[in-house]
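Text of model26.cif (mmCIF, C-alpha atoms) as supplied:
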```
data_protein
#
loop_
_atom_site.group_PDB
_atom_site.id
_atom_site.type_symbol
_atom_site.label_atom_id
_atom_site.label_comp_id
_atom_site.auth_asym_id
_atom_site.auth_seq_id
_atom_site.Cartn_x
_atom_site.Cartn_y
_atom_site.Cartn_z
ATOM 1 C CA ILE Z 1 0.000 0.000 0.000
ATOM 2 C CA LEU Z 2 2.902 2.344 0.849
ATOM 3 C CA GLU Z 3 4.539 1.664 -2.522
ATOM 4 C CA LEU Z 4 1.253 2.348 -4.353
ATOM 5 C CA ASP Z 5 0.881 5.638 -2.487
ATOM 6 C CA GLN Z 6 4.458 6.620 -3.407
ATOM 7 C CA LEU Z 7 3.780 5.662 -7.022
ATOM 8 C CA VAL Z 8 0.681 7.867 -7.199
ATOM 9 C CA LYS Z 9 2.586 10.806 -5.636
ATOM 10 C CA ALA Z 10 5.532 10.317 -7.993
ATOM 11 C CA GLN Z 11 3.237 10.235 -11.030
ATOM 12 C CA ALA Z 12 1.515 13.443 -9.872
ATOM 13 C CA LYS Z 13 4.908 15.110 -9.398
ATOM 14 C CA ILE Z 14 6.021 14.013 -12.892
ATOM 15 C CA LEU Z 15 2.862 15.519 -14.387
ATOM 16 C CA GLU Z 16 3.502 18.773 -12.513
ATOM 17 C CA LEU Z 17 7.125 18.806 -13.717
ATOM 18 C CA GLU Z 18 6.088 18.110 -17.301
ATOM 19 C CA GLN Z 19 3.781 21.140 -17.166
ATOM 20 C CA ARG Z 20 6.601 23.253 -15.703
ATOM 21 C CA VAL Z 21 9.006 22.049 -18.422
ATOM 22 C CA ALA Z 22 6.467 23.042 -21.074
ATOM 23 C CA GLU Z 23 6.103 26.485 -19.478
ATOM 24 C CA LEU Z 24 9.882 26.972 -19.216
ATOM 25 C CA THR Z 25 10.368 25.753 -22.767
ATOM 26 C CA ARG Z 26 7.911 28.423 -23.943
ATOM 27 C CA GLN Z 27 9.957 31.026 -22.023
ATOM 28 C CA VAL Z 28 13.280 30.032 -23.574
ATOM 29 C CA GLU Z 29 12.085 29.551 -27.119
ATOM 30 C CA THR Z 30 13.529 32.281 -29.319
ATOM 31 C CA PRO Z 31 10.688 34.241 -30.782
ATOM 32 C CA VAL Z 32 10.839 35.506 -34.363
ATOM 33 C CA TYR Z 33 11.001 39.324 -34.405
ATOM 34 C CA ASP Z 34 10.138 41.729 -37.160
ATOM 35 C CA GLU Z 35 12.170 44.846 -38.071
ATOM 36 C CA ASN Z 36 10.589 46.814 -35.178
ATOM 37 C CA ASN Z 37 11.775 44.195 -32.617
ATOM 38 C CA ASN Z 38 8.234 42.884 -32.163
ATOM 39 C CA VAL Z 39 7.315 39.186 -31.974
ATOM 40 C CA VAL Z 40 5.734 38.349 -35.285
ATOM 41 C CA ASP Z 41 2.817 36.380 -33.906
ATOM 42 C CA LEU Z 42 2.059 38.670 -30.894
ATOM 43 C CA VAL Z 43 0.650 42.173 -30.857
ATOM 44 C CA VAL Z 44 2.605 43.409 -27.821
ATOM 45 C CA PRO Z 45 6.256 44.322 -28.195
ATOM 46 C CA ALA Z 46 8.791 41.751 -27.043
ATOM 47 C CA GLU Z 47 11.315 42.412 -24.227
ATOM 48 C CA PRO Z 48 14.566 44.149 -25.124
ATOM 49 C CA ALA Z 49 17.357 41.782 -26.189
ATOM 50 C CA ALA Z 50 19.450 42.192 -22.962
ATOM 51 C CA LYS Z 51 16.489 41.387 -20.721
ATOM 52 C CA ARG Z 52 15.535 38.514 -23.021
ATOM 53 C CA SER Z 53 19.016 37.070 -22.655
ATOM 54 C CA ARG Z 54 18.956 37.239 -18.814
ATOM 55 C CA THR Z 55 15.484 35.663 -18.714
ATOM 56 C CA SER Z 56 16.501 32.953 -21.127
ATOM 57 C CA GLY Z 57 19.634 32.073 -19.114
ATOM 58 C CA SER Z 58 17.798 31.726 -15.802
ATOM 59 C CA ALA Z 59 14.948 29.881 -17.497
ATOM 60 C CA LEU Z 60 17.431 27.492 -19.121
ATOM 61 C CA GLY Z 61 19.034 26.773 -15.723
ATOM 62 C CA GLU Z 62 15.665 26.132 -14.145
ATOM 63 C CA LEU Z 63 14.686 24.019 -17.135
ATOM 64 C CA ALA Z 64 17.828 21.895 -16.701
ATOM 65 C CA ARG Z 65 17.178 21.444 -12.961
ATOM 66 C CA THR Z 66 13.549 20.574 -13.575
ATOM 67 C CA ALA Z 67 14.497 18.082 -16.280
ATOM 68 C CA LYS Z 68 16.951 16.412 -13.881
ATOM 69 C CA VAL Z 69 14.312 16.154 -11.130
ATOM 70 C CA LYS Z 70 11.842 14.801 -13.673
ATOM 71 C CA GLU Z 71 14.317 12.117 -14.769
ATOM 72 C CA GLU Z 72 14.977 11.094 -11.140
ATOM 73 C CA LEU Z 73 11.251 10.877 -10.444
ATOM 74 C CA LYS Z 74 10.728 8.843 -13.610
ATOM 75 C CA GLU Z 75 13.385 6.364 -12.465
ATOM 76 C CA GLN Z 76 11.691 6.132 -9.055
ATOM 77 C CA THR Z 77 8.293 5.624 -10.708
ATOM 78 C CA ASP Z 78 9.697 2.889 -12.943
ATOM 79 C CA TYR Z 79 11.160 1.187 -9.866
ATOM 80 C CA LEU Z 80 7.836 1.400 -7.999
ATOM 81 C CA ASP Z 81 6.011 0.113 -11.094
ATOM 82 C CA MET Z 82 8.378 -2.851 -11.096
ATOM 83 C CA LEU Z 83 7.490 -3.566 -7.429
ATOM 84 C CA VAL Z 84 3.725 -3.187 -7.720
ATOM 85 C CA HIS Z 85 3.034 -6.311 -9.793
ATOM 86 C CA PRO Z 86 5.011 -8.770 -7.599
ATOM 87 C CA LEU Z 87 3.556 -7.248 -4.420
ATOM 88 C CA THR Z 88 0.019 -7.483 -5.810
ATOM 89 C CA GLN Z 89 0.651 -11.079 -6.834
ATOM 90 C CA GLN Z 90 2.049 -11.941 -3.381
ATOM 91 C CA GLY Z 91 -0.972 -10.337 -1.741
ATOM 92 C CA GLN Z 92 -3.351 -12.402 -3.871
ATOM 93 C CA GLN Z 93 -1.441 -15.615 -3.096
ATOM 94 C CA GLY Z 94 -1.446 -14.815 0.628
ATOM 95 C CA LYS Z 95 -5.199 -14.159 0.555
ATOM 96 C CA ALA Z 96 -5.788 -17.477 -1.257
ATOM 97 C CA LEU Z 97 -3.746 -19.310 1.408
ATOM 98 C CA LEU Z 98 -5.759 -17.659 4.200
ATOM 99 C CA ASN Z 99 -9.039 -18.646 2.521
ATOM 100 C CA ASP Z 100 -7.796 -22.235 2.105
ATOM 101 C CA THR Z 101 -6.808 -22.267 5.793
ATOM 102 C CA LYS Z 102 -10.233 -20.988 6.840
ATOM 103 C CA ASN Z 103 -12.013 -23.623 4.766
ATOM 104 C CA ALA Z 104 -9.735 -26.395 6.088
ATOM 105 C CA LEU Z 105 -10.383 -25.310 9.696
ATOM 106 C CA LEU Z 106 -14.138 -25.306 9.113
ATOM 107 C CA ALA Z 107 -13.983 -28.725 7.420
ATOM 108 C CA ALA Z 108 -11.913 -30.081 10.343
ATOM 109 C CA GLY Z 109 -14.671 -29.136 12.781
ATOM 110 C CA VAL Z 110 -13.440 -26.061 14.653
ATOM 111 C CA PRO Z 111 -16.184 -24.057 16.393
ATOM 112 C CA GLN Z 112 -17.779 -21.811 13.823
ATOM 113 C CA LYS Z 113 -20.246 -18.990 13.591
ATOM 114 C CA ASN Z 114 -22.169 -17.139 10.892
ATOM 115 C CA LYS Z 115 -21.233 -13.455 10.984
ATOM 116 C CA ARG Z 116 -22.329 -10.437 9.009
ATOM 117 C CA ASP Z 117 -19.920 -9.612 6.184
ATOM 118 C CA ALA Z 118 -19.042 -6.309 7.903
ATOM 119 C CA ASP Z 119 -17.944 -8.234 11.040
ATOM 120 C CA VAL Z 120 -15.773 -10.776 9.213
ATOM 121 C CA PRO Z 121 -12.019 -10.121 9.723
ATOM 122 C CA TRP Z 122 -10.117 -9.137 6.565
ATOM 123 C CA TYR Z 123 -8.112 -12.368 6.617
ATOM 124 C CA TYR Z 124 -11.290 -14.485 6.299
ATOM 125 C CA GLY Z 125 -13.430 -12.293 4.048
ATOM 126 C CA GLU Z 126 -13.890 -13.823 0.628
ATOM 127 C CA LYS Z 127 -17.585 -13.491 -0.178
ATOM 128 C CA SER Z 128 -18.272 -9.777 -0.033
ATOM 129 C CA TYR Z 129 -21.344 -10.338 -2.200
ATOM 130 C CA THR Z 130 -23.071 -12.244 0.653
ATOM 131 C CA THR Z 131 -24.567 -10.768 3.811
ATOM 132 C CA MET Z 132 -23.411 -13.605 6.116
ATOM 133 C CA GLU Z 133 -20.261 -15.728 6.163
ATOM 134 C CA LEU Z 134 -19.262 -18.813 8.170
ATOM 135 C CA ILE Z 135 -15.956 -18.328 10.006
ATOM 136 C CA PRO Z 136 -13.909 -20.134 12.703
ATOM 137 C CA TRP Z 137 -15.020 -18.914 16.136
ATOM 138 C CA ASP Z 138 -13.277 -18.669 19.517
ATOM 139 C CA THR Z 139 -16.077 -19.607 21.936
ATOM 140 C CA GLU Z 140 -14.132 -18.516 25.039
ATOM 141 C CA LYS Z 141 -13.167 -15.073 23.740
ATOM 142 C CA LYS Z 142 -16.428 -14.676 21.794
ATOM 143 C CA ARG Z 143 -14.732 -13.487 18.620
ATOM 144 C CA ALA Z 144 -13.367 -14.793 15.329
ATOM 145 C CA ALA Z 145 -10.540 -17.276 15.865
ATOM 146 C CA THR Z 146 -7.331 -16.481 14.013
ATOM 147 C CA PRO Z 147 -5.877 -19.250 11.817
ATOM 148 C CA ALA Z 148 -3.245 -19.943 14.517
ATOM 149 C CA GLU Z 149 -5.944 -20.219 17.204
ATOM 150 C CA GLY Z 150 -7.945 -22.573 14.993
ATOM 151 C CA VAL Z 151 -4.917 -24.841 14.520
ATOM 152 C CA ALA Z 152 -4.175 -24.711 18.275
ATOM 153 C CA TRP Z 153 -7.788 -25.720 19.024
ATOM 154 C CA LEU Z 154 -7.497 -28.685 16.649
ATOM 155 C CA ALA Z 155 -4.205 -29.736 18.294
ATOM 156 C CA SER Z 156 -5.758 -29.597 21.775
ATOM 157 C CA GLU Z 157 -8.758 -31.621 20.555
ATOM 158 C CA ARG Z 158 -6.389 -34.191 19.054
ATOM 159 C CA ASP Z 159 -4.476 -34.427 22.366
ATOM 160 C CA ARG Z 160 -7.733 -34.754 24.328
ATOM 161 C CA ALA Z 161 -8.984 -37.489 21.980
ATOM 162 C CA THR Z 162 -5.622 -39.309 22.249
ATOM 163 C CA ASP Z 163 -5.762 -39.181 26.064
ATOM 164 C CA GLU Z 164 -9.340 -40.452 26.021
ATOM 165 C CA ARG Z 165 -8.448 -43.277 23.609
ATOM 166 C CA ASP Z 166 -5.525 -44.296 25.839
ATOM 167 C CA ARG Z 167 -7.768 -44.237 28.913
ATOM 168 C CA TYR Z 168 -10.361 -46.470 27.207
ATOM 169 C CA ALA Z 169 -7.630 -48.824 25.981
ATOM 170 C CA ARG Z 170 -6.254 -49.071 29.535
ATOM 171 C CA GLN Z 171 -9.734 -49.751 30.952
ATOM 172 C CA ASN Z 172 -10.325 -52.360 28.234
ATOM 173 C CA ARG Z 173 -7.074 -54.152 29.123
ATOM 174 C CA GLU Z 174 -7.979 -54.123 32.819
ATOM 175 C CA LEU Z 175 -11.452 -55.511 32.093
ATOM 176 C CA ARG Z 176 -10.044 -58.265 29.886
ATOM 177 C CA SER Z 177 -7.492 -59.190 32.540
ATOM 178 C CA SER Z 178 -10.205 -59.276 35.200
ATOM 179 C CA LEU Z 179 -12.454 -61.329 32.919
ATOM 180 C CA LYS Z 180 -9.673 -63.883 32.315
ATOM 181 C CA LYS Z 181 -9.103 -64.222 36.063
ATOM 182 C CA HIS Z 182 -12.833 -64.647 36.575
ATOM 183 C CA GLU Z 183 -13.044 -67.220 33.770
ATOM 184 C CA GLY Z 184 -10.120 -69.116 35.352
ATOM 185 C CA THR Z 185 -11.841 -69.132 38.729
ATOM 186 C CA THR Z 186 -15.135 -70.178 37.175
ATOM 187 C CA ALA Z 187 -13.474 -72.953 35.176
ATOM 188 C CA GLY Z 188 -11.806 -74.261 38.362
ATOM 189 C CA ALA Z 189 -15.125 -74.224 40.188
ATOM 190 C CA HIS Z 190 -16.853 -76.051 37.339
ATOM 191 C CA GLY Z 191 -14.083 -78.648 37.296
ATOM 192 C CA ALA Z 192 -14.436 -79.260 41.050
ATOM 193 C CA ILE Z 193 -18.210 -79.605 40.756
ATOM 194 C CA GLU Z 194 -17.908 -82.043 37.872
ATOM 195 C CA ALA Z 195 -15.307 -84.050 39.815
ATOM 196 C CA GLY Z 196 -17.679 -84.194 42.797
ATOM 197 C CA PHE Z 197 -20.480 -85.526 40.621
ATOM 198 C CA LYS Z 198 -18.256 -88.251 39.231
ATOM 199 C CA VAL Z 199 -17.209 -89.333 42.747
ATOM 200 C CA ARG Z 200 -20.821 -89.550 43.840
ATOM 201 C CA GLY Z 201 -21.846 -91.423 40.746
ATOM 202 C CA SER Z 202 -19.231 -94.102 41.309
#
```
Would you encode the structure as structure tokens?
Amino acid sequence: ILELDQLVKAQAKILELEQRVAELTRQVETPVYDENNNVVDLVVPAEPAAKRSRTSGSALGELARTAKVKEELKEQTDYLDMLVHPLTQQGQQGKALLNDTKNALLAAGVPQKNKRDADVPWYYGEKSYTTMELIPWDTEKKRAATPAEGVAWLASERDRATDERDRYARQNRELRSSLKKHEGTTAGAHGAIEAGFKVRGS
């Protein structure tokens, strides 16, 4: 944005200098005089030759200085022109990455909220033609979640789910171990009962 502002100012200055150069050029142009020392195409008499010479010399000096400033400003404008396209392209790529991030966060299940287009942060806004837009939402702070906050929320949810999975796996192992002990005890009891029946039957 700063470079664009400088470019606009430089272009305005170049236009001003071009107008000044045209004015100075008119001052230093040698008019054609008739035998009465009058400019042929003007009705008023021209300045005397000595005064004309002083005016022309100072005008030529100013013209040279103005031309130099104009050339410097043109170089600066060309440089800024060279920067504008890459910076614009980088801005568009950055915006596309932010929109992809927003959509990935929403698809991954982060808390989300429909907000009016005017309340959508610049880094999420992509549908200015709609009145409402779905964005990642920070439920604790009651505001739009930044991309970094959305990723952090997903990481904490992943860690919580991993802890819960490990807890269930541990409980499952304990239950299986307890069940095996119980089955062993039950099998021993069944064996003793069956042995008792055989003894009685004989």
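The space separating atom CA of Asp163 of chain Z from atom CA of Leu106 of chain Z comes to 23.5 Å.
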Note to self: Need the shell around segment 114-120 of chain Z: protein/DNA/RNA residues with any atom at most 12 Å away, counting all atoms listed in the file. Skip same-chain ones fewer than 5 positions apart. Format as a list in words?
What the structure shows: Lys102, Leu106, Gly125, Glu126, Lys127, Ser128, Tyr129, Thr130, Thr131, Met132, Glu133, Leu134, Ile135, Pro136, Trp137, Lys142, Arg143, Ala144, Ala145 and Thr146 of chain Z
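Rounded to one decimal, atom CA of Thr139 of chain Z and atom CA of Ala96 of chain Z lie 25.5 Å from each other.
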Checklist line | 12 Å contact set for Glu71 of chain Z, all atoms listed in the file, chain neighbours under 6 positions out, as a ChimeraX atom specification | finding: /Z:10-11,13-15,17-18,21,64-65,77-78
Next item on the list: Spell out the residues picked by the PyMOL selection byres ((chain Z and resi 123) around 7) here, as a list in words.
Entry: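 Taken on the displayed file, the PyMOL selection byres ((chain Z and resi 123) around 7) yields the residues Lys95, Leu98, Pro121, Trp122, Tyr124 and Gly125 of chain Z.
Of the listed residues Z:Gln92, Z:Leu105, Z:Leu175, Z:Leu83, the one whose atoms come nearest to Glu149 of chain Z is Z:Leu105, with distances taken using all atoms listed in the file.
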Margin query: As an exercise, work out the distance from atom CA of Gln19 of chain Z to atom CA of Val69 of chain Z in Å and give it to one decimal place.
Written below: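 Answer for the atom CA of Gln19 of chain Z to atom CA of Val69 of chain Z separation: 13.1 Å.
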